[in-house]
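A.B. asks: Structure: input07.tsv, TSV, C-alpha atoms and all ligand atoms.
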```
chain	number	residue	atom	x	y	z
L	1	GLN	CA	-22.23	-8.10	17.32
L	2	THR	CA	-23.38	-11.50	18.59
L	3	GLY	CA	-21.16	-13.79	20.67
L	4	ASP	CA	-20.78	-16.13	17.70
L	5	ALA	CA	-19.82	-13.30	15.31
L	6	ARG	CA	-17.25	-12.05	17.75
L	7	ALA	CA	-15.88	-15.54	18.34
L	8	ALA	CA	-15.66	-16.10	14.57
L	9	SER	CA	-13.40	-13.04	14.27
L	10	ILE	CA	-10.95	-14.45	16.83
L	11	PRO	CA	-8.38	-16.83	15.31
L	12	ARG	CA	-7.52	-20.07	17.10
L	13	TYR	CA	-4.28	-19.12	18.82
L	14	ILE	CA	-1.64	-21.56	19.90
L	15	ARG	CA	1.54	-20.73	21.76
L	16	VAL	CA	4.63	-22.65	20.75
L	17	ASN	CA	6.05	-24.06	23.99
L	18	ARG	CA	9.61	-22.82	23.71
L	19	THR	CA	10.55	-25.12	26.57
L	20	CYS	CA	10.33	-27.97	24.05
L	21	TRP	CA	11.23	-26.52	20.64
L	22	THR	CA	11.58	-23.32	18.62
L	23	THR	CA	8.95	-21.36	16.73
L	24	LYS	CA	10.92	-21.97	13.54
L	25	GLU	CA	10.64	-25.73	14.09
L	26	ALA	CA	6.93	-25.39	14.82
L	27	LEU	CA	6.33	-23.39	11.62
L	28	LYS	CA	8.03	-26.14	9.63
L	29	ALA	CA	6.01	-28.87	11.38
L	30	PHE	CA	2.70	-27.16	10.56
L	31	GLN	CA	3.76	-26.58	6.96
L	32	ALA	CA	4.58	-30.28	6.74
L	33	GLN	CA	0.99	-30.95	7.92
L	34	GLY	CA	-0.29	-28.96	4.90
L	35	TYR	CA	-0.85	-25.51	6.49
L	36	GLU	CA	0.29	-22.50	4.47
L	37	LEU	CA	1.35	-19.07	5.69
L	38	GLY	CA	-1.46	-16.54	5.08
L	39	ASP	CA	-4.44	-14.82	6.66
L	40	PRO	CA	-5.79	-17.28	9.27
L	41	LEU	CA	-9.36	-16.02	8.88
L	42	SER	CA	-9.35	-16.64	5.12
L	43	SER	CA	-9.14	-20.45	5.14
L	44	PRO	CA	-8.82	-23.39	7.56
L	45	LYS	CA	-5.45	-24.20	5.96
L	46	SER	CA	-3.91	-20.73	6.48
L	47	PHE	CA	-1.93	-19.74	9.52
L	48	LYS	CA	0.47	-17.00	10.55
L	49	GLN	CA	2.95	-15.95	13.17
L	50	ASP	CA	1.53	-13.25	15.46
L	51	ASP	CA	2.70	-9.64	15.04
L	52	HIS	CA	3.02	-8.95	18.79
L	53	ILE	CA	3.89	-12.22	20.53
L	54	PRO	CA	6.74	-13.99	18.77
L	55	ASP	CA	5.83	-17.54	19.91
L	56	LEU	CA	2.18	-17.27	19.03
L	57	LEU	CA	0.62	-18.76	15.89
L	58	ALA	CA	-2.87	-17.93	14.62
L	59	PHE	CA	-5.10	-20.44	12.80
L	60	HIS	CA	-8.67	-20.40	11.47
L	61	PRO	CA	-11.24	-20.47	14.35
L	62	SER	CA	-12.58	-23.83	13.12
L	63	VAL	CA	-9.26	-25.65	13.56
L	64	ARG	CA	-9.18	-27.96	16.59
L	65	PHE	CA	-5.99	-29.05	18.32
L	66	ILE	CA	-7.40	-30.94	21.30
L	67	GLU	CA	-6.45	-34.30	19.82
L	68	ASP	CA	-3.32	-33.16	18.02
L	69	PRO	CA	-0.19	-35.04	19.23
L	70	LEU	CA	1.62	-31.67	19.45
L	71	TYR	CA	-0.96	-30.53	21.99
L	72	LEU	CA	-1.06	-33.83	23.84
L	73	SER	CA	2.73	-33.83	24.19
L	74	GLY	CA	2.83	-30.23	25.50
L	75	LYS	CA	4.70	-28.83	22.49
L	76	ILE	CA	1.87	-26.38	21.82
L	77	ILE	CA	-0.37	-24.61	24.35
L	78	LEU	CA	-3.89	-23.38	23.56
L	79	GLN	CA	-3.84	-19.80	24.77
L	80	ASP	CA	-5.66	-16.66	23.66
L	81	LYS	CA	-3.45	-13.89	22.35
L	82	ALA	CA	-4.32	-11.33	25.04
L	83	SER	CA	-3.54	-13.79	27.80
L	84	CYS	CA	0.02	-14.02	26.45
L	85	PHE	CA	0.58	-10.30	27.11
L	86	PRO	CA	1.17	-10.44	30.91
L	87	ALA	CA	4.17	-12.82	30.89
L	88	HIS	CA	5.60	-11.12	27.79
L	89	ILE	CA	5.34	-7.70	29.48
L	90	LEU	CA	6.70	-8.95	32.83
L	91	ALA	CA	9.71	-10.25	30.88
L	92	PRO	CA	11.39	-12.27	33.64
L	93	PRO	CA	15.09	-13.03	33.22
L	94	ALA	CA	16.44	-16.36	31.91
L	95	ARG	CA	19.12	-16.71	34.59
L	96	ASN	CA	20.02	-19.41	37.09
L	97	ASP	CA	19.64	-16.96	39.97
L	98	ALA	CA	16.24	-15.62	38.84
L	99	VAL	CA	13.38	-15.73	41.36
L	100	VAL	CA	9.88	-15.06	40.03
L	101	ILE	CA	6.37	-15.42	41.50
L	102	ASP	CA	3.11	-16.21	39.74
L	103	ALA	CA	0.75	-15.27	42.57
L	104	THR	CA	-2.51	-16.66	41.13
L	105	ALA	CA	-1.46	-19.44	38.85
L	106	ALA	CA	-4.15	-22.02	37.95
L	107	PRO	CA	-4.80	-23.37	35.42
L	108	GLY	CA	-1.24	-22.35	34.58
L	109	ASN	CA	-1.07	-20.99	31.04
L	110	LYS	CA	0.76	-17.88	32.15
L	111	THR	CA	2.99	-19.91	34.49
L	112	SER	CA	4.17	-22.12	31.65
L	113	HIS	CA	4.65	-19.00	29.50
L	114	LEU	CA	6.83	-17.43	32.22
L	115	CYS	CA	8.76	-20.70	32.46
L	116	ALA	CA	9.38	-20.67	28.69
L	117	ILE	CA	10.62	-17.06	28.79
L	118	MET	CA	12.92	-18.01	31.69
L	119	GLN	CA	14.14	-20.96	29.59
L	120	ASN	CA	13.31	-23.21	32.54
L	121	LYS	CA	16.09	-21.51	34.55
L	122	GLY	CA	16.07	-20.07	38.09
L	123	LYS	CA	13.01	-20.50	40.29
L	124	LEU	CA	9.38	-19.78	39.55
L	125	TYR	CA	6.99	-20.07	42.52
L	126	ALA	CA	3.39	-20.61	41.43
L	127	PHE	CA	0.76	-19.98	44.12
L	128	GLU	CA	-2.80	-21.22	43.87
L	129	ARG	CA	-5.17	-21.20	46.83
L	130	ASP	CA	-7.91	-23.46	45.47
L	131	ARG	CA	-7.15	-27.16	45.99
L	132	LYS	CA	-8.93	-28.47	42.89
L	133	ARG	CA	-7.46	-25.80	40.64
L	134	PHE	CA	-4.07	-26.46	42.22
L	135	SER	CA	-4.29	-30.06	41.04
L	136	THR	CA	-5.10	-28.86	37.49
L	137	LEU	CA	-2.10	-26.53	37.72
L	138	LYS	CA	0.23	-29.40	38.65
L	139	THR	CA	-1.01	-31.50	35.71
L	140	MET	CA	-0.64	-28.58	33.31
L	141	LEU	CA	2.91	-27.77	34.48
L	142	SER	CA	4.04	-31.33	34.12
L	143	LYS	CA	2.48	-31.57	30.64
L	144	ALA	CA	4.29	-28.35	29.66
L	145	HIS	CA	7.64	-29.78	30.83
L	146	CYS	CA	8.22	-27.01	33.38
L	147	THR	CA	11.13	-27.96	35.62
L	148	ASN	CA	11.92	-24.61	37.26
L	149	VAL	CA	8.44	-24.23	38.81
L	150	GLU	CA	7.55	-24.98	42.41
L	151	ALA	CA	3.76	-25.00	42.73
L	152	VAL	CA	2.48	-24.01	46.18
L	153	ASN	CA	-1.11	-24.62	47.33
L	154	SER	CA	-1.38	-21.40	49.37
L	155	ASP	CA	-3.19	-18.11	49.50
L	156	PHE	CA	-0.73	-15.52	48.20
L	157	LEU	CA	-1.99	-13.04	50.80
L	158	THR	CA	-0.62	-15.30	53.55
L	159	VAL	CA	2.83	-15.59	51.96
L	160	SER	CA	5.39	-13.62	53.94
L	161	PRO	CA	7.39	-11.13	51.88
L	162	ASN	CA	10.28	-11.83	54.27
L	163	ASP	CA	10.34	-15.57	53.59
L	164	THR	CA	13.91	-16.63	52.75
L	165	ASN	CA	12.86	-18.07	49.37
L	166	PHE	CA	9.81	-16.10	48.23
L	167	GLY	CA	11.23	-12.83	49.56
L	168	ARG	CA	13.93	-12.92	46.88
L	169	ALA	CA	11.42	-12.55	44.03
L	170	THR	CA	12.21	-9.72	41.63
L	171	HIS	CA	9.21	-10.21	39.30
L	172	ILE	CA	5.59	-10.91	40.29
L	173	LEU	CA	2.70	-11.77	37.99
L	174	LEU	CA	-0.73	-10.97	39.43
L	175	ASP	CA	-3.62	-12.26	37.36
L	176	PRO	CA	-6.24	-12.55	40.11
L	177	SER	CA	-9.86	-13.64	39.96
L	178	CYS	CA	-11.99	-11.07	38.10
L	179	SER	CA	-15.49	-10.76	36.64
L	180	GLY	CA	-14.32	-12.39	33.37
L	181	SER	CA	-16.43	-9.85	31.48
L	182	GLY	CA	-13.92	-9.77	28.60
L	183	ILE	CA	-14.32	-13.43	27.69
L	184	VAL	CA	-16.17	-13.78	24.41
L	185	ASN	CA	-18.94	-16.35	24.47
L	186	ARG	CA	-18.45	-18.93	21.77
L	187	MET	CA	-22.12	-19.91	21.92
L	188	ASP	CA	-25.07	-17.63	21.34
L	189	HIS	CA	-27.33	-19.42	23.79
L	190	LEU	CA	-25.08	-18.07	26.53
L	191	LEU	CA	-25.96	-14.51	25.58
L	192	ALA	CA	-29.02	-14.43	27.83
L	193	ALA	CA	-26.85	-15.57	30.71
L	194	GLY	CA	-24.32	-12.92	29.62
L	195	LYS	CA	-26.99	-10.22	29.99
L	196	GLN	CA	-27.75	-11.32	33.51
L	197	GLN	CA	-24.03	-11.31	34.17
L	198	GLU	CA	-23.79	-7.67	33.06
L	199	GLU	CA	-26.51	-6.72	35.52
L	200	ASP	CA	-24.74	-8.57	38.31
L	201	ASP	CA	-21.51	-6.90	37.27
L	202	ASP	CA	-23.03	-3.50	38.06
L	203	SER	CA	-23.56	-4.44	41.63
L	204	ASP	CA	-21.59	-5.18	44.71
L	205	ARG	CA	-19.70	-7.97	43.03
L	206	LEU	CA	-17.40	-5.67	41.09
L	207	ASN	CA	-16.62	-3.57	44.15
L	208	LYS	CA	-15.73	-6.70	46.10
L	209	LEU	CA	-13.52	-8.00	43.29
L	210	ALA	CA	-11.80	-4.61	42.97
L	211	ALA	CA	-11.11	-4.48	46.73
L	212	PHE	CA	-9.57	-7.97	46.57
L	213	GLN	CA	-7.51	-7.10	43.47
L	214	LEU	CA	-6.13	-3.98	45.15
L	215	LYS	CA	-5.23	-5.99	48.25
L	216	MET	CA	-3.24	-8.40	46.08
L	217	ILE	CA	-1.26	-5.57	44.43
L	218	ARG	CA	-0.55	-3.96	47.81
L	219	HIS	CA	0.74	-7.28	49.14
L	220	ALA	CA	2.95	-7.81	46.07
L	221	MET	CA	4.43	-4.33	46.61
L	222	THR	CA	5.69	-5.35	50.08
L	223	PHE	CA	8.14	-7.93	48.67
L	224	PRO	CA	11.54	-6.37	49.35
L	225	SER	CA	13.35	-7.37	46.14
L	226	VAL	CA	10.51	-6.99	43.67
L	227	ARG	CA	11.18	-4.61	40.78
L	228	ARG	CA	8.37	-5.43	38.36
L	229	ILE	CA	4.73	-6.34	39.06
L	230	VAL	CA	2.28	-7.08	36.26
L	231	TYR	CA	-1.40	-6.76	37.17
L	232	SER	CA	-3.83	-8.15	34.59
L	233	THR	CA	-7.49	-9.10	34.26
L	234	CYS	CA	-9.80	-10.55	31.63
L	235	SER	CA	-12.37	-7.91	32.55
L	236	VAL	CA	-13.49	-4.95	30.46
L	237	HIS	CA	-14.71	-2.94	33.47
L	238	ALA	CA	-12.71	0.16	34.45
L	239	ILE	CA	-13.58	-0.56	38.08
L	240	GLU	CA	-11.38	-3.70	38.02
L	241	ASN	CA	-8.74	-2.15	35.77
L	242	GLU	CA	-7.93	1.58	35.66
L	243	HIS	CA	-9.59	2.23	39.05
L	244	VAL	CA	-7.60	-0.52	40.79
L	245	VAL	CA	-4.34	0.75	39.25
L	246	ARG	CA	-5.20	4.35	40.14
L	247	GLN	CA	-5.83	3.39	43.76
L	248	ALA	CA	-2.74	1.17	43.94
L	249	LEU	CA	-0.56	4.13	42.93
L	250	LYS	CA	-1.90	6.12	45.89
L	251	THR	CA	-1.26	3.46	48.55
L	252	GLU	CA	1.34	3.59	51.27
L	253	GLU	CA	2.93	0.43	49.83
L	254	ALA	CA	3.46	2.22	46.49
L	255	SER	CA	4.98	5.33	48.04
L	256	THR	CA	7.14	3.45	50.56
L	257	GLY	CA	8.27	1.00	47.90
L	258	GLY	CA	8.77	3.69	45.24
L	259	PHE	CA	6.48	2.05	42.69
L	260	ARG	CA	5.16	3.81	39.61
L	261	LEU	CA	3.63	2.80	36.32
L	262	ALA	CA	6.10	1.80	33.64
L	263	ARG	CA	6.01	4.03	30.58
L	264	ARG	CA	4.46	2.81	27.35
L	265	ALA	CA	7.92	1.97	25.94
L	266	GLN	CA	8.09	-0.97	28.39
L	267	VAL	CA	4.49	-2.09	28.00
L	268	LEU	CA	3.99	-3.52	24.51
L	269	PRO	CA	4.43	-0.09	22.85
L	270	ILE	CA	3.30	-1.22	19.41
L	271	TRP	CA	-0.11	-2.33	20.73
L	272	PRO	CA	-2.43	0.57	19.84
L	273	ARG	CA	-5.31	0.14	22.30
L	274	ARG	CA	-4.38	1.71	25.62
L	275	GLY	CA	-6.19	2.43	28.92
L	276	PHE	CA	-9.12	4.82	29.34
L	277	PRO	CA	-7.66	8.33	30.06
L	278	ALA	CA	-10.86	9.57	31.69
L	279	GLU	CA	-10.63	6.81	34.30
L	280	MET	CA	-7.14	7.79	35.54
L	281	ASP	CA	-6.19	10.64	37.93
L	282	ASP	CA	-3.54	11.65	35.40
L	283	PRO	CA	-5.00	10.96	31.92
L	284	ALA	CA	-1.46	10.60	30.54
L	285	ASP	CA	-1.06	7.42	32.64
L	286	ALA	CA	-3.56	5.64	30.40
L	287	ASP	CA	-0.86	5.35	27.75
L	288	SER	CA	1.04	3.01	30.11
L	289	LEU	CA	-1.91	0.59	30.17
L	290	VAL	CA	-2.85	-2.07	27.63
L	291	ARG	CA	-6.43	-2.92	26.81
L	292	CYS	CA	-7.89	-5.46	24.40
L	293	SER	CA	-11.42	-5.03	23.18
L	294	PRO	CA	-13.41	-8.18	22.39
L	295	GLY	CA	-14.63	-8.11	18.80
L	296	GLU	CA	-12.29	-5.30	17.76
L	297	ASP	CA	-8.84	-6.72	18.44
L	298	ALA	CA	-9.30	-10.38	17.44
L	299	THR	CA	-8.79	-11.33	21.10
L	300	ASN	CA	-10.83	-11.64	24.26
L	301	GLY	CA	-11.23	-8.49	26.37
L	302	PHE	CA	-8.18	-7.96	28.52
L	303	PHE	CA	-6.22	-5.44	30.61
L	304	VAL	CA	-2.52	-5.29	31.56
L	305	SER	CA	-0.50	-2.87	33.69
L	306	LEU	CA	3.12	-2.89	34.82
L	307	PHE	CA	4.34	-1.37	38.09
L	308	ILE	CA	8.09	-0.85	38.36
L	309	ARG	CA	10.58	0.56	40.81
L	310	GLY	CA	14.19	1.55	40.85
L	311	GLU	CA	14.96	1.09	37.21
L	312	THR	CA	15.56	3.63	34.50
L	313	ASP	CA	12.52	3.72	32.29
L	314	VAL	CA	13.73	3.01	28.77
L	315	SER	CA	11.62	5.87	27.45
L	316	GLU	CA	13.34	8.38	29.75
L	317	PRO	CA	16.68	10.02	28.97
L	318	GLU	CA	19.52	8.86	31.29
L	401	LIG	N1	-3.04	-16.93	35.46
L	401	LIG	C1	-3.91	-18.09	35.24
L	401	LIG	C2	-3.68	-18.63	33.83
L	401	LIG	O1	-3.33	-17.85	32.95
L	401	LIG	O2	-3.83	-19.82	33.61
L	401	LIG	C3	-5.35	-17.72	35.48
L	401	LIG	C4	-5.60	-17.19	36.87
L	401	LIG	S1	-7.29	-17.07	37.34
L	401	LIG	C5	-7.79	-15.58	36.57
L	401	LIG	C6	-7.15	-16.60	39.02
L	401	LIG	C7	-6.69	-17.74	39.92
L	401	LIG	O3	-6.23	-17.18	41.14
L	401	LIG	C8	-7.78	-18.73	40.28
L	401	LIG	O4	-7.34	-20.02	40.04
L	401	LIG	C9	-8.00	-18.49	41.78
L	401	LIG	O5	-8.35	-19.67	42.46
L	401	LIG	C10	-6.63	-18.01	42.21
L	401	LIG	N2	-6.60	-17.15	43.41
L	401	LIG	C11	-7.50	-16.21	43.76
L	401	LIG	N3	-7.10	-15.61	44.89
L	401	LIG	C12	-5.93	-16.16	45.26
L	401	LIG	C13	-5.03	-15.93	46.32
L	401	LIG	N4	-5.28	-15.03	47.25
L	401	LIG	N5	-3.89	-16.66	46.38
L	401	LIG	C14	-3.63	-17.59	45.43
L	401	LIG	N6	-4.46	-17.86	44.39
L	401	LIG	C15	-5.60	-17.15	44.30
```
Once you've parsed the file, please lay out its structure as C-alpha cells.
C.D. replies:
Amino acid sequence: QTGDARAASIPRYIRVNRTCWTTKEALKAFQAQGYELGDPLSSPKSFKQDDHIPDLLAFHPSVRFIEDPLYLSGKIILQDKASCFPAHILAPPARNDAVVIDATAAPGNKTSHLCAIMQNKGKLYAFERDRKRFSTLKTMLSKAHCTNVEAVNSDFLTVSPNDTNFGRATHILLDPSCSGSGIVNRMDHLLAAGKQQEEDDDSDRLNKLAAFQLKMIRHAMTFPSVRRIVYSTCSVHAIENEHVVRQALKTEEASTGGFRLARRAQVLPIWPRRGFPAEMDDPADADSLVRCSPGEDATNGFFVSLFIRGETDVSEPE
C-alpha cells in the first residue's frame, strides 16, 4: 500500500477537549454544522464517535479543522487515535491531591489529554528538555486551557525522584523520542525518503534509541510513589517496543520496585492487536501490550505498555 492509500484509510481524528466542554455538546455542535453520524470514510459530511476512546471523533480524511473556531479556541485537539491510547491507559485520577508526570511532553497533545482526564485537578508536571519544543508546549497548554500543569524545561533524567514535589508522582507517562517509523506519510513523494529511513533504522540508530528509552523507564521506576508507568512509542520496530519492555522487566529497578506488566484487562482489553509474542521472553506477556499497525487499524503505527506495582490486577482473583 502506498503512503497516500494508507493515509486515505485513516480518518481525521479530533479529540474533544473535555477541559472545555462535553462530548455530547461537541456532537451537537458538529450536527448543527451539517455533519451527520455515519461512517467517516463514506462521505466528507459523515462523522462518528470512536469505539475505543470516548472523547474522540472521526471525520473524513479530507476535512480540515485548522481554521475552525473550535480548533482555534482549544475546544477540539487534532490528535491521531493511537496517540490517545497512552493517557487513556495511564488513567490518572481526577483528584485535588493527584500528582502526575508527563516526562517527555512537547508538543503536548498527551499532556492536555492527561489534564482533561484529571479534570484539571491536582498537579501535572510536564518535562521537556528541548528549549524550542518547550516553548511550543507552553503555547499548546495555554491554548488547551490546562490550569493544573506545571511545564518544566528540564531533562527528565536529571529530575530527582526524591524531590519534594516530583517525588510524590503516582503516575508517569513516558512517550520518549523514537524512530517515528509508525507515522504514515501523507505524501507519496516522501516514500523515497521513507525507504532511506528504513535502511537507517536497521543500523545503530535504533540501538541508541532503545538504550535511551530503557534508561528513561529505569529512571521512572525509581520514583518512590509511582504505581503506574505507561511507556509508548510511534515506532513499529520490536527493538524499540517489545525488546525495551522485556529488558526493563529484568532490571534492578523493576525488581527492587516490584514492577510488572499490567494484564490485558487494564490495557485497553477490547483492542485486538497486541504485542509480538515471539519478541518477549514470556510469549504470554505480549497480550499485555498494545500495538497499532499503520494501514490496518485506521491509525498510525503505535505501541503502548503499562508497568504497575502494588495494586491488585483487575484480571486476577482477589
Ligand atoms: N508526548 C508528546 C505528545 O504527545 O505531544 C510527544 C513526545 S515526543 C515523541 C518526545 C519528546 O521528548 C520530544 O519533544 C523530546 O524533545 C523530548 N525528550 C527527549 N528526551 C527527553 C528527556 N530526557 N527529558 C525530557 N524530554 C525529553
A.B. asks: Choose the residue, out of L:Gln266, L:Gln213, L:Ser9, L:Asn109, that has the smallest atom-to-atom separation from Phe307 of chain L; count only C-alpha atoms.
C.D. replies: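 Of all the options, L:Gln266 lies closest to Phe307 of chain L.
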A.B. asks: Rounded to one decimal place, report the atom CA of Leu27 of chain L-atom CA of His52 of chain L distance in Å.
C.D. replies: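 Those two atoms sit 16.5 Å apart.
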A.B. asks: When you draw a straight line from atom CA of His145 of chain L to atom C6 of ligand LIG 401 (chain L), how long is it in Å?
C.D. replies: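 The value is 21.4 Å.
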A.B. asks: Choose the residue, out of L:Ser203, L:Thr23, L:Thr299, L:Ser255, that has the smallest atom-to-atom separation from Ile183 of chain L; count all atoms listed in the file.
C.D. replies: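 So, comparing all the options, the nearest one is L:Thr299.
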A.B. asks: With 6 Å of padding per side, what axis-aligned box (centre and edge lengths, Å, one decimal) covers all the listed atoms of ligand LIG 401 (chain L)? Give it as JSON.
C.D. replies:
```
{"center_x": -5.7, "center_y": -17.5, "center_z": 40.1, "size_x": 17.3, "size_y": 17.0, "size_z": 26.3}
```
A.B. asks: In terms of the shortest atom-to-atom distance over all atoms listed in the file, which of L:Pro61, L:Gly38, L:Pro44, L:Pro176 is closest to ligand LIG 401 (chain L)?
C.D. replies: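 Closest candidate: L:Pro176.
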A.B. asks: For each of L:Gly167, L:Gly108, L:Pro54, L:Gly275, take the minimum atom-to-atom distance to Ser142 of chain L, counting only C-alpha atoms, then give the residue where this is smallest.
C.D. replies: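 Residue with the minimum atom-to-atom distance to Ser142 of chain L: L:Gly108.
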A.B. asks: Within 6 Å of ligand LIG 401 (chain L), which residues of chain L show up? Give each one with its shortest atom-to-atom distance in Å (one decimal) and the two atoms involved, counting all atoms listed in the file, rows by chain then rising residue number, as JSON lines.
C.D. replies:
```
{"residue": "L:Ala103", "atom": "CA", "partner": "L:LIG401", "partner_atom": "C14", "distance": 5.7}
{"residue": "L:Thr104", "atom": "CA", "partner": "L:LIG401", "partner_atom": "O3", "distance": 3.8}
{"residue": "L:Ala105", "atom": "CA", "partner": "L:LIG401", "partner_atom": "N1", "distance": 4.5}
{"residue": "L:Ala106", "atom": "CA", "partner": "L:LIG401", "partner_atom": "O4", "distance": 4.3}
{"residue": "L:Pro107", "atom": "CA", "partner": "L:LIG401", "partner_atom": "O2", "distance": 4.1}
{"residue": "L:Gly108", "atom": "CA", "partner": "L:LIG401", "partner_atom": "O2", "distance": 3.7}
{"residue": "L:Asn109", "atom": "CA", "partner": "L:LIG401", "partner_atom": "O2", "distance": 3.9}
{"residue": "L:Lys110", "atom": "CA", "partner": "L:LIG401", "partner_atom": "O1", "distance": 4.2}
{"residue": "L:Phe127", "atom": "CA", "partner": "L:LIG401", "partner_atom": "C14", "distance": 5.2}
{"residue": "L:Glu128", "atom": "CA", "partner": "L:LIG401", "partner_atom": "N6", "distance": 3.8}
{"residue": "L:Arg129", "atom": "CA", "partner": "L:LIG401", "partner_atom": "C14", "distance": 4.2}
{"residue": "L:Asp130", "atom": "CA", "partner": "L:LIG401", "partner_atom": "O5", "distance": 4.9}
{"residue": "L:Arg133", "atom": "CA", "partner": "L:LIG401", "partner_atom": "O4", "distance": 5.8}
{"residue": "L:Ser154", "atom": "CA", "partner": "L:LIG401", "partner_atom": "C14", "distance": 5.9}
{"residue": "L:Asp155", "atom": "CA", "partner": "L:LIG401", "partner_atom": "N5", "distance": 3.5}
{"residue": "L:Phe156", "atom": "CA", "partner": "L:LIG401", "partner_atom": "N5", "distance": 3.8}
{"residue": "L:Leu157", "atom": "CA", "partner": "L:LIG401", "partner_atom": "N4", "distance": 5.2}
{"residue": "L:Asp175", "atom": "CA", "partner": "L:LIG401", "partner_atom": "N1", "distance": 5.1}
{"residue": "L:Pro176", "atom": "CA", "partner": "L:LIG401", "partner_atom": "C6", "distance": 4.3}
{"residue": "L:Ser177", "atom": "CA", "partner": "L:LIG401", "partner_atom": "C6", "distance": 4.1}
```
A.B. asks: Could you check the closest approach to Ile53 of chain L for each of L:Ile270, L:Ala144, L:Val226, L:Val100 and tell me which residue wins, using all atoms listed in the file?
C.D. replies: L:Ile270
A.B. asks: From the set L:Ile308, L:Arg274, L:Thr222, L:Arg227, which residue has the shortest atom-to-atom contact distance to Asp163 of chain L, counting only C-alpha atoms?
C.D. replies: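 Ranking L:Ile308, L:Arg274, L:Thr222, L:Arg227 by distance to Asp163 of chain L, first place goes to L:Thr222.
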A.B. asks: Please measure the separation of atom CA of Phe47 of chain L and atom CA of Cys146 of chain L, giving the value in Å to one decimal.
C.D. replies: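 Computing the Euclidean distance for atom CA of Phe47 of chain L and atom CA of Cys146 of chain L yields 26.9 Å.
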A.B. asks: Determine, counting all atoms listed in the file, which protein, DNA and RNA residues have an atom within 10 Å of an atom of segment 67-75 of chain L; residues of the same chain fewer than 4 positions away are not included. Present the result as a PDB file with C-alpha atoms, in the coordinates of the input.
C.D. replies:
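File produced: around.pdb:
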```
ATOM      1  CA  ILE L  14      -1.640 -21.560  19.900  1.00  0.00           C
ATOM      2  CA  ARG L  15       1.540 -20.730  21.760  1.00  0.00           C
ATOM      3  CA  VAL L  16       4.630 -22.650  20.750  1.00  0.00           C
ATOM      4  CA  ASN L  17       6.050 -24.060  23.990  1.00  0.00           C
ATOM      5  CA  ARG L  18       9.610 -22.820  23.710  1.00  0.00           C
ATOM      6  CA  THR L  19      10.550 -25.120  26.570  1.00  0.00           C
ATOM      7  CA  CYS L  20      10.330 -27.970  24.050  1.00  0.00           C
ATOM      8  CA  TRP L  21      11.230 -26.520  20.640  1.00  0.00           C
ATOM      9  CA  THR L  22      11.580 -23.320  18.620  1.00  0.00           C
ATOM     10  CA  ALA L  26       6.930 -25.390  14.820  1.00  0.00           C
ATOM     11  CA  ALA L  29       6.010 -28.870  11.380  1.00  0.00           C
ATOM     12  CA  MET L 140      -0.640 -28.580  33.310  1.00  0.00           C
ATOM     13  CA  LEU L 141       2.910 -27.770  34.480  1.00  0.00           C
ATOM     14  CA  SER L 142       4.040 -31.330  34.120  1.00  0.00           C
ATOM     15  CA  LYS L 143       2.480 -31.570  30.640  1.00  0.00           C
ATOM     16  CA  ALA L 144       4.290 -28.350  29.660  1.00  0.00           C
ATOM     17  CA  HIS L 145       7.640 -29.780  30.830  1.00  0.00           C
TER      18      HIS L 145
END
```
A.B. asks: Extract, using all atoms listed in the file, all DNA, RNA and protein residues at most 12 Å from Met216 of chain L, discarding same-chain residues fewer than 4 positions from it, and format them as an MDAnalysis selection string.
C.D. replies: chainID L and resid 102:104 155:159 172:177 209:212 220:223 229:232 244:245 248 253
A.B. asks: Which residues, protein or nucleic acid, reach to within 10 Å of (-12.5, -5.8, 20.8) in the file's coordinates when using only C-alpha atoms, and can you give that as a list in words?
C.D. replies: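 Checked against the point, the hits come out as Arg6, Ser9, Ile10, Gly182, Val184, Val236, Arg273, Arg291, Cys292, Ser293, Pro294, Gly295, Glu296, Asp297, Ala298, Thr299, Asn300, Gly301 and Phe302 of chain L.
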A.B. asks: Hey, could you patch up segment 238-247 of chain L with N, CA and C atoms and hand it over as a PDB file, keeping the file's coordinate frame?
C.D. replies:
```
ATOM      1  N   ALA L 238     -13.717  -0.757  33.900  1.00  0.00           N
ATOM      2  CA  ALA L 238     -12.710   0.160  34.450  1.00  0.00           C
ATOM      3  C   ALA L 238     -12.557  -0.030  35.957  1.00  0.00           C
ATOM      4  N   ILE L 239     -13.635  -0.424  36.611  1.00  0.00           N
ATOM      5  CA  ILE L 239     -13.580  -0.560  38.080  1.00  0.00           C
ATOM      6  C   ILE L 239     -12.556  -1.620  38.519  1.00  0.00           C
ATOM      7  N   GLU L 240     -12.359  -2.658  37.678  1.00  0.00           N
ATOM      8  CA  GLU L 240     -11.380  -3.700  38.020  1.00  0.00           C
ATOM      9  C   GLU L 240     -10.013  -3.411  37.383  1.00  0.00           C
ATOM     10  N   ASN L 241      -9.969  -2.419  36.534  1.00  0.00           N
ATOM     11  CA  ASN L 241      -8.740  -2.150  35.770  1.00  0.00           C
ATOM     12  C   ASN L 241      -8.148  -0.798  36.160  1.00  0.00           C
ATOM     13  N   GLU L 242      -8.513   0.259  35.392  1.00  0.00           N
ATOM     14  CA  GLU L 242      -7.930   1.580  35.660  1.00  0.00           C
ATOM     15  C   GLU L 242      -8.122   2.010  37.113  1.00  0.00           C
ATOM     16  N   HIS L 243      -9.320   1.761  37.680  1.00  0.00           N
ATOM     17  CA  HIS L 243      -9.590   2.230  39.050  1.00  0.00           C
ATOM     18  C   HIS L 243      -8.692   1.537  40.067  1.00  0.00           C
ATOM     19  N   VAL L 244      -8.461   0.235  39.856  1.00  0.00           N
ATOM     20  CA  VAL L 244      -7.600  -0.520  40.790  1.00  0.00           C
ATOM     21  C   VAL L 244      -6.166   0.022  40.686  1.00  0.00           C
ATOM     22  N   VAL L 245      -5.705   0.240  39.466  1.00  0.00           N
ATOM     23  CA  VAL L 245      -4.340   0.750  39.250  1.00  0.00           C
ATOM     24  C   VAL L 245      -4.196   2.144  39.876  1.00  0.00           C
ATOM     25  N   ARG L 246      -5.203   2.975  39.626  1.00  0.00           N
ATOM     26  CA  ARG L 246      -5.200   4.350  40.140  1.00  0.00           C
ATOM     27  C   ARG L 246      -5.103   4.359  41.673  1.00  0.00           C
ATOM     28  N   GLN L 247      -5.874   3.453  42.294  1.00  0.00           N
ATOM     29  CA  GLN L 247      -5.830   3.390  43.760  1.00  0.00           C
ATOM     30  C   GLN L 247      -4.509   2.804  44.250  1.00  0.00           C
TER      31      GLN L 247
END
```
